[in-house]
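Chemist: Hey, dropping model22.cif in here, mmCIF, C-alpha atoms:
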```cif
data_my_file
#
loop_
_atom_site.label_atom_id
_atom_site.label_comp_id
_atom_site.auth_asym_id
_atom_site.auth_seq_id
_atom_site.Cartn_x
_atom_site.Cartn_y
_atom_site.Cartn_z
CA MET S 11 8.86 108.78 -108.83
CA SER S 12 7.24 107.74 -105.54
CA THR S 13 7.33 104.08 -106.42
CA SER S 14 7.95 101.23 -104.09
CA THR S 15 8.90 97.82 -105.34
CA THR S 16 7.50 96.19 -102.22
CA SER S 17 6.07 97.08 -98.86
CA GLY S 18 6.54 93.86 -96.93
CA VAL S 19 9.36 91.41 -97.50
CA ARG S 20 8.77 88.27 -95.48
CA LYS S 21 11.97 86.32 -95.85
CA SER S 22 15.03 85.82 -93.74
CA LEU S 23 17.17 88.90 -94.29
CA ALA S 24 20.86 88.84 -93.40
CA LYS S 25 22.86 91.87 -94.61
CA VAL S 26 20.89 94.82 -95.95
CA GLU S 27 21.95 98.15 -97.44
CA ILE S 28 19.92 101.37 -97.20
CA ALA S 29 21.00 104.00 -99.75
CA LEU S 30 19.82 107.62 -99.93
CA ARG S 31 20.17 110.19 -102.72
CA TRP S 32 19.13 113.80 -103.30
CA ASP S 33 20.05 116.75 -105.48
CA PRO S 34 22.25 119.55 -104.17
CA SER S 35 20.58 122.87 -103.31
CA PRO S 36 20.59 125.65 -105.89
CA SER S 37 23.76 127.74 -106.04
CA GLY S 38 23.91 130.44 -103.36
CA THR S 39 21.42 128.74 -101.03
CA PRO S 40 22.10 126.68 -97.88
CA ALA S 41 23.05 123.07 -98.60
CA HIS S 42 20.48 120.31 -98.41
CA ASP S 43 21.75 117.87 -95.77
CA LEU S 44 19.81 114.64 -95.30
CA ASP S 45 20.88 111.97 -92.85
CA ILE S 46 20.06 108.29 -92.42
CA ILE S 47 19.33 107.27 -88.82
CA ALA S 48 18.78 103.76 -87.47
CA ALA S 49 17.15 103.08 -84.09
CA VAL S 50 17.60 99.62 -82.55
CA TYR S 51 15.03 98.25 -80.06
CA ARG S 52 14.94 95.31 -77.67
CA ALA S 53 12.77 92.35 -78.62
CA ALA S 54 11.14 92.63 -75.17
CA ASP S 55 10.30 96.34 -75.71
CA PRO S 56 10.07 96.93 -79.50
CA HIS S 57 8.40 100.35 -79.20
CA GLY S 58 10.19 101.65 -76.10
CA GLU S 59 13.44 103.57 -75.85
CA PRO S 60 16.03 102.61 -78.46
CA VAL S 61 18.97 100.56 -77.22
CA HIS S 62 21.15 102.71 -79.46
CA LEU S 63 21.00 105.08 -82.42
CA VAL S 64 23.27 104.98 -85.44
CA HIS S 65 23.75 108.12 -87.52
CA PHE S 66 26.47 110.24 -89.08
CA GLY S 67 29.70 109.93 -87.13
CA SER S 68 28.65 106.78 -85.25
CA ARG S 69 28.14 103.05 -85.58
CA SER S 70 26.42 100.45 -83.44
CA PRO S 71 28.47 99.29 -80.45
CA ASP S 72 28.48 95.71 -81.77
CA GLY S 73 29.49 96.79 -85.30
CA THR S 74 26.35 95.42 -86.95
CA ILE S 75 25.19 98.81 -88.31
CA THR S 76 27.56 101.19 -90.05
CA LEU S 77 27.17 104.36 -92.07
CA ASN S 78 29.50 103.72 -95.01
CA ARG S 79 29.01 107.01 -96.78
CA ASP S 80 27.88 110.41 -95.43
CA SER S 81 27.13 113.52 -97.47
CA HIS S 82 26.33 117.03 -96.24
CA THR S 83 25.34 118.42 -99.63
CA GLY S 84 23.94 115.71 -101.92
CA GLN S 85 26.79 116.34 -104.34
CA GLY S 86 28.07 113.24 -105.99
CA PHE S 87 26.91 110.58 -108.36
CA GLY S 88 24.19 108.14 -107.43
CA PHE S 89 23.50 107.49 -103.78
CA ASP S 90 25.04 109.99 -101.35
CA GLU S 91 24.61 108.12 -98.06
CA VAL S 92 24.75 104.37 -97.53
CA MET S 93 24.08 102.42 -94.32
CA THR S 94 24.69 98.69 -93.87
CA LEU S 95 22.72 96.56 -91.40
CA GLU S 96 24.04 93.08 -90.58
CA LEU S 97 20.81 91.73 -89.14
CA ASN S 98 22.12 88.16 -89.00
CA ARG S 99 24.84 89.23 -86.53
CA MET S 100 22.57 91.10 -84.09
CA ALA S 101 22.15 89.75 -80.58
CA PRO S 102 18.94 87.74 -80.01
CA ALA S 103 17.82 90.34 -77.44
CA LEU S 104 17.44 92.88 -80.28
CA GLY S 105 14.23 92.48 -82.24
CA ARG S 106 13.45 95.65 -84.17
CA VAL S 107 15.36 98.23 -86.24
CA VAL S 108 13.67 101.35 -87.60
CA VAL S 109 15.51 103.33 -90.29
CA GLY S 110 14.64 106.93 -91.05
CA VAL S 111 15.82 110.00 -92.89
CA VAL S 112 15.90 113.48 -91.38
CA ILE S 113 16.59 116.85 -92.96
CA GLN S 114 19.39 118.59 -91.08
CA GLU S 115 18.86 122.31 -91.15
CA THR S 116 21.11 124.95 -89.73
CA GLY S 117 19.36 127.97 -88.31
CA PRO S 118 17.57 129.06 -85.18
CA PRO S 119 15.59 126.42 -83.24
CA GLY S 120 11.95 126.27 -84.26
CA ALA S 121 12.68 127.92 -87.60
CA ARG S 122 12.67 124.78 -89.70
CA THR S 123 11.70 125.59 -93.25
CA LYS S 124 13.03 122.75 -95.39
CA THR S 125 10.68 119.92 -96.17
CA PHE S 126 10.99 117.07 -98.64
CA ALA S 127 8.97 119.17 -101.13
CA VAL S 128 11.89 121.59 -101.64
CA ILE S 129 14.56 118.91 -102.06
CA GLY S 130 14.74 117.50 -105.55
CA GLY S 131 15.90 114.14 -106.76
CA THR S 132 15.24 112.25 -103.52
CA GLY S 133 15.37 108.50 -103.50
CA VAL S 134 15.86 105.60 -101.15
CA ARG S 135 16.86 102.07 -102.07
CA ILE S 136 16.84 99.03 -99.80
CA ARG S 137 18.69 96.01 -101.08
CA GLU S 138 20.21 92.74 -100.04
CA GLY S 139 23.18 91.82 -102.19
CA TYR S 140 22.20 92.83 -105.71
CA THR S 141 18.47 92.41 -105.12
CA ASP S 142 16.39 95.56 -104.63
CA LEU S 143 13.87 94.95 -101.87
CA ALA S 144 12.31 98.43 -102.09
CA VAL S 145 12.84 101.62 -104.09
CA SER S 146 11.00 104.83 -103.26
CA ASP S 147 11.25 108.59 -102.76
CA PHE S 148 9.67 111.21 -100.50
CA ALA S 149 7.00 112.55 -102.89
CA GLY S 150 4.26 111.05 -100.71
CA VAL S 151 5.36 113.09 -97.66
CA PRO S 152 6.12 116.55 -99.14
CA ALA S 153 5.39 118.54 -95.95
CA ALA S 154 7.53 116.29 -93.73
CA THR S 155 10.97 117.16 -92.33
CA ALA S 156 11.76 113.53 -91.48
CA ALA S 157 10.47 110.10 -92.47
CA THR S 158 10.87 106.46 -91.59
CA VAL S 159 11.69 104.33 -94.63
CA ALA S 160 12.11 100.80 -93.26
CA GLU S 161 11.21 98.67 -90.27
CA PHE S 162 13.00 95.38 -89.74
CA THR S 163 11.51 92.95 -87.23
CA ARG S 164 12.68 89.58 -85.98
CA ASP S 165 10.10 86.86 -85.34
CA ALA S 166 10.24 84.21 -82.61
CA SER S 167 12.23 81.86 -84.84
CA GLY S 168 14.92 84.54 -85.47
CA VAL S 169 13.89 85.40 -89.04
CA TRP S 170 14.16 89.09 -89.97
CA SER S 171 11.54 90.68 -92.25
CA LEU S 172 11.12 94.13 -93.78
CA ASP S 173 8.22 96.56 -93.86
CA ALA S 174 9.29 99.22 -96.37
CA ALA S 175 7.02 102.24 -96.21
CA VAL S 176 7.76 105.96 -96.20
CA ARG S 177 6.00 107.62 -93.23
CA GLY S 178 6.44 111.36 -92.74
CA PHE S 179 7.05 113.32 -89.54
CA ASP S 180 7.24 117.04 -88.77
CA ALA S 181 10.13 116.81 -86.32
CA ASP S 182 13.62 118.14 -85.80
CA PRO S 183 16.46 115.59 -85.65
CA GLU S 184 16.40 115.22 -81.86
CA GLU S 185 12.63 114.86 -81.64
CA PHE S 186 12.61 112.44 -84.59
CA THR S 187 14.94 110.03 -82.78
CA ARG S 188 12.42 109.93 -79.90
CA VAL S 189 9.28 109.36 -82.01
CA MET S 190 10.44 107.40 -85.06
CA GLY S 191 9.96 104.01 -83.41
CA ALA S 192 6.78 104.79 -81.47
CA LEU S 193 3.77 102.53 -81.85
CA ARG S 194 1.67 103.67 -84.84
CA SER S 195 -2.09 103.91 -84.56
#
```
Please lay out the structure from this file as structure tokens.
Modeler:
Amino acid sequence: MSTSTTSGVRKSLAKVEIALRWDPSPSGTPAHDLDIIAAVYRAADPHGEPVHLVHFGSRSPDGTITLNRDSHTGQGFGFDEVMTLELNRMAPALGRVVVGVVIQETGPPGARTKTFAVIGGTGVRIREGYTDLAVSDFAGVPAATAATVAEFTRDASGVWSLDAAVRGFDADPEEFTRVMGALRS
């Protein structure tokens, strides 16, 4: 599929939904477990340390980012994980949110073997209300173990915009949370 309906939405975004889907692993093999992660950054330091991270089992302290649905297997119909970002309610001191997807893999450290190439039926949808802002998959980053899928930034007038692009990383979940919002060259 590897299609994207847009890469840069330049309008005032208010409440956005990120949805993730994937196919379950073949019978008898370890489950495919993908997770959505959001990193929130200060407007004064948009590429520094995140103010907070939102992932499975957590939500933002101010309640503006929540993980509404979490799957450990990809079993289900349609989108398996859904995260809601209420950008219009975020404090003015917050100016950037990076959303990514990481493959959780049980096993010994350093023995990561699952990449997006081995997980079928992947897809990510970003929408506001009933309007799809971006639709894509991970076909463009087959060797990656994690990827950013959206970057929301607030301009000086307070308007939020979206840069929807899938960018792959070879990182475990902990490392990914440290590098996902770094300045790109």
Chemist: Could you please determine the separation between atom CA of S:Asn98 and atom CA of S:Leu23 in Å, to one decimal place?
Modeler: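 Between atom CA of S:Asn98 and atom CA of S:Leu23 the gap is 7.3 Å.
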Chemist: Evaluated on this file, the PyMOL selection byres ((chain S and resi 157) around 8) picks out some residues - which ones are they, written as number ranges by chain?
Modeler: S: 110-112, 151, 154-156, 158-159, 176-179, 190
Chemist: Now that the selection is made, can you save its residues with C-alpha atoms as a PDB file, in the coordinates of the input?
Modeler:
```pdb
ATOM      1  CA  GLY S 110      14.640 106.930 -91.050  1.00  0.00           C
ATOM      2  CA  VAL S 111      15.820 110.000 -92.890  1.00  0.00           C
ATOM      3  CA  VAL S 112      15.900 113.480 -91.380  1.00  0.00           C
ATOM      4  CA  VAL S 151       5.360 113.090 -97.660  1.00  0.00           C
ATOM      5  CA  ALA S 154       7.530 116.290 -93.730  1.00  0.00           C
ATOM      6  CA  THR S 155      10.970 117.160 -92.330  1.00  0.00           C
ATOM      7  CA  ALA S 156      11.760 113.530 -91.480  1.00  0.00           C
ATOM      8  CA  THR S 158      10.870 106.460 -91.590  1.00  0.00           C
ATOM      9  CA  VAL S 159      11.690 104.330 -94.630  1.00  0.00           C
ATOM     10  CA  VAL S 176       7.760 105.960 -96.200  1.00  0.00           C
ATOM     11  CA  ARG S 177       6.000 107.620 -93.230  1.00  0.00           C
ATOM     12  CA  GLY S 178       6.440 111.360 -92.740  1.00  0.00           C
ATOM     13  CA  PHE S 179       7.050 113.320 -89.540  1.00  0.00           C
ATOM     14  CA  MET S 190      10.440 107.400 -85.060  1.00  0.00           C
TER      15      MET S 190
END
```
Chemist: Considering only C-alpha atoms, return as an MDAnalysis selection string whatever protein or nucleic-acid residues lie within 7 Å of S:Glu96, sequence-local ones (same chain, fewer than 4 positions apart) excluded.
Modeler: chainID S and resid 24:26 74:75 100
Chemist: For stretch 86-195 of chain S versus stretch 58-68 of chain S, which residues have an atom no more than 8 Å away, and what is each residue's nearest atom pair and distance in Å rounded to one decimal, using only C-alpha atoms, chain-then-number order, as a Markdown table?
Modeler:
```
| residue | atom | partner | partner_atom | distance |
| --- | --- | --- | --- | --- |
| S:Thr187 | CA | S:Leu63 | CA | 7.8 |
| S:Arg188 | CA | S:Glu59 | CA | 7.6 |
| S:Gly191 | CA | S:Gly58 | CA | 7.7 |
| S:Ala192 | CA | S:Gly58 | CA | 7.1 |
```
Chemist: As an exercise, work out the distance from atom CA of S:Thr94 to atom CA of S:Leu77 in Å and give it to one decimal place.
Modeler: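 Result for atom CA of S:Thr94 versus atom CA of S:Leu77: 6.4 Å, one decimal.
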Chemist: Could you add whatever atoms are missing so that stretch 130-141 of chain S carries all heavy atoms, then write the result as a PDB file, keeping the file's coordinate frame?
Modeler:
```
ATOM      1  N   GLY S 130      14.956 118.279-104.334  1.00  0.00           N
ATOM      2  CA  GLY S 130      14.740 117.500-105.550  1.00  0.00           C
ATOM      3  C   GLY S 130      15.564 116.238-105.611  1.00  0.00           C
ATOM      4  O   GLY S 130      16.555 116.081-104.901  1.00  0.00           O
ATOM      5  N   GLY S 131      15.134 115.333-106.458  1.00  0.00           N
ATOM      6  CA  GLY S 131      15.900 114.140-106.760  1.00  0.00           C
ATOM      7  C   GLY S 131      16.053 113.160-105.616  1.00  0.00           C
ATOM      8  O   GLY S 131      17.007 112.379-105.601  1.00  0.00           O
ATOM      9  N   THR S 132      15.108 113.161-104.661  1.00  0.00           N
ATOM     10  CA  THR S 132      15.240 112.250-103.520  1.00  0.00           C
ATOM     11  C   THR S 132      14.966 110.809-103.950  1.00  0.00           C
ATOM     12  O   THR S 132      14.190 110.553-104.864  1.00  0.00           O
ATOM     13  CB  THR S 132      14.275 112.611-102.387  1.00  0.00           C
ATOM     14  OG1 THR S 132      12.935 112.506-102.852  1.00  0.00           O
ATOM     15  CG2 THR S 132      14.555 113.995-101.831  1.00  0.00           C
ATOM     16  N   GLY S 133      15.605 109.913-103.264  1.00  0.00           N
ATOM     17  CA  GLY S 133      15.370 108.500-103.500  1.00  0.00           C
ATOM     18  C   GLY S 133      15.965 107.668-102.392  1.00  0.00           C
ATOM     19  O   GLY S 133      16.965 108.057-101.775  1.00  0.00           O
ATOM     20  N   VAL S 134      15.349 106.551-102.135  1.00  0.00           N
ATOM     21  CA  VAL S 134      15.860 105.600-101.150  1.00  0.00           C
ATOM     22  C   VAL S 134      15.754 104.208-101.754  1.00  0.00           C
ATOM     23  O   VAL S 134      14.773 103.884-102.431  1.00  0.00           O
ATOM     24  CB  VAL S 134      15.114 105.708 -99.796  1.00  0.00           C
ATOM     25  CG1 VAL S 134      13.656 105.342 -99.923  1.00  0.00           C
ATOM     26  CG2 VAL S 134      15.791 104.892 -98.722  1.00  0.00           C
ATOM     27  N   ARG S 135      16.818 103.432-101.548  1.00  0.00           N
ATOM     28  CA  ARG S 135      16.860 102.070-102.070  1.00  0.00           C
ATOM     29  C   ARG S 135      17.255 101.136-100.929  1.00  0.00           C
ATOM     30  O   ARG S 135      18.210 101.405-100.204  1.00  0.00           O
ATOM     31  CB  ARG S 135      17.881 101.966-103.196  1.00  0.00           C
ATOM     32  CG  ARG S 135      18.029 100.567-103.775  1.00  0.00           C
ATOM     33  CD  ARG S 135      19.169 100.477-104.746  1.00  0.00           C
ATOM     34  NE  ARG S 135      20.429 100.628-104.018  1.00  0.00           N
ATOM     35  CZ  ARG S 135      21.559 101.071-104.572  1.00  0.00           C
ATOM     36  NH1 ARG S 135      21.584 101.440-105.822  1.00  0.00           N
ATOM     37  NH2 ARG S 135      22.653 101.153-103.843  1.00  0.00           N
ATOM     38  N   ILE S 136      16.527 100.049-100.797  1.00  0.00           N
ATOM     39  CA  ILE S 136      16.840  99.030 -99.800  1.00  0.00           C
ATOM     40  C   ILE S 136      17.146  97.757-100.577  1.00  0.00           C
ATOM     41  O   ILE S 136      16.327  97.307-101.378  1.00  0.00           O
ATOM     42  CB  ILE S 136      15.660  98.817 -98.830  1.00  0.00           C
ATOM     43  CG1 ILE S 136      15.293 100.143 -98.157  1.00  0.00           C
ATOM     44  CG2 ILE S 136      15.998  97.740 -97.811  1.00  0.00           C
ATOM     45  CD1 ILE S 136      13.970 100.114 -97.411  1.00  0.00           C
ATOM     46  N   ARG S 137      18.326  97.207-100.332  1.00  0.00           N
ATOM     47  CA  ARG S 137      18.690  96.010-101.080  1.00  0.00           C
ATOM     48  C   ARG S 137      19.471  95.042-100.219  1.00  0.00           C
ATOM     49  O   ARG S 137      20.081  95.413 -99.233  1.00  0.00           O
ATOM     50  CB  ARG S 137      19.466  96.346-102.348  1.00  0.00           C
ATOM     51  CG  ARG S 137      20.825  96.932-102.136  1.00  0.00           C
ATOM     52  CD  ARG S 137      21.703  97.090-103.375  1.00  0.00           C
ATOM     53  NE  ARG S 137      21.022  97.228-104.625  1.00  0.00           N
ATOM     54  CZ  ARG S 137      21.614  97.524-105.763  1.00  0.00           C
ATOM     55  NH1 ARG S 137      22.910  97.723-105.802  1.00  0.00           N
ATOM     56  NH2 ARG S 137      20.939  97.613-106.880  1.00  0.00           N
ATOM     57  N   GLU S 138      19.393  93.789-100.630  1.00  0.00           N
ATOM     58  CA  GLU S 138      20.210  92.740-100.040  1.00  0.00           C
ATOM     59  C   GLU S 138      21.009  92.142-101.176  1.00  0.00           C
ATOM     60  O   GLU S 138      20.435  91.634-102.152  1.00  0.00           O
ATOM     61  CB  GLU S 138      19.346  91.671 -99.360  1.00  0.00           C
ATOM     62  CG  GLU S 138      20.178  90.627 -98.647  1.00  0.00           C
ATOM     63  CD  GLU S 138      19.336  89.654 -97.822  1.00  0.00           C
ATOM     64  OE1 GLU S 138      18.261  89.257 -98.300  1.00  0.00           O
ATOM     65  OE2 GLU S 138      19.769  89.307 -96.721  1.00  0.00           O
ATOM     66  N   GLY S 139      22.330  92.238-101.075  1.00  0.00           N
ATOM     67  CA  GLY S 139      23.180  91.820-102.190  1.00  0.00           C
ATOM     68  C   GLY S 139      22.885  92.705-103.389  1.00  0.00           C
ATOM     69  O   GLY S 139      22.928  93.920-103.297  1.00  0.00           O
ATOM     70  N   TYR S 140      22.537  92.074-104.498  1.00  0.00           N
ATOM     71  CA  TYR S 140      22.200  92.830-105.710  1.00  0.00           C
ATOM     72  C   TYR S 140      20.697  92.883-105.960  1.00  0.00           C
ATOM     73  O   TYR S 140      20.256  93.326-107.012  1.00  0.00           O
ATOM     74  CB  TYR S 140      22.901  92.215-106.924  1.00  0.00           C
ATOM     75  CG  TYR S 140      24.403  92.333-106.835  1.00  0.00           C
ATOM     76  CD1 TYR S 140      25.191  91.235-106.527  1.00  0.00           C
ATOM     77  CD2 TYR S 140      25.024  93.557-107.037  1.00  0.00           C
ATOM     78  CE1 TYR S 140      26.565  91.342-106.427  1.00  0.00           C
ATOM     79  CE2 TYR S 140      26.398  93.689-106.939  1.00  0.00           C
ATOM     80  CZ  TYR S 140      27.163  92.575-106.635  1.00  0.00           C
ATOM     81  OH  TYR S 140      28.533  92.704-106.536  1.00  0.00           O
ATOM     82  N   THR S 141      19.916  92.441-104.979  1.00  0.00           N
ATOM     83  CA  THR S 141      18.470  92.410-105.120  1.00  0.00           C
ATOM     84  C   THR S 141      17.838  93.612-104.435  1.00  0.00           C
ATOM     85  O   THR S 141      18.004  93.794-103.224  1.00  0.00           O
ATOM     86  CB  THR S 141      17.888  91.116-104.517  1.00  0.00           C
ATOM     87  OG1 THR S 141      18.500  89.990-105.146  1.00  0.00           O
ATOM     88  CG2 THR S 141      16.380  91.061-104.691  1.00  0.00           C
TER      89      THR S 141
END
```
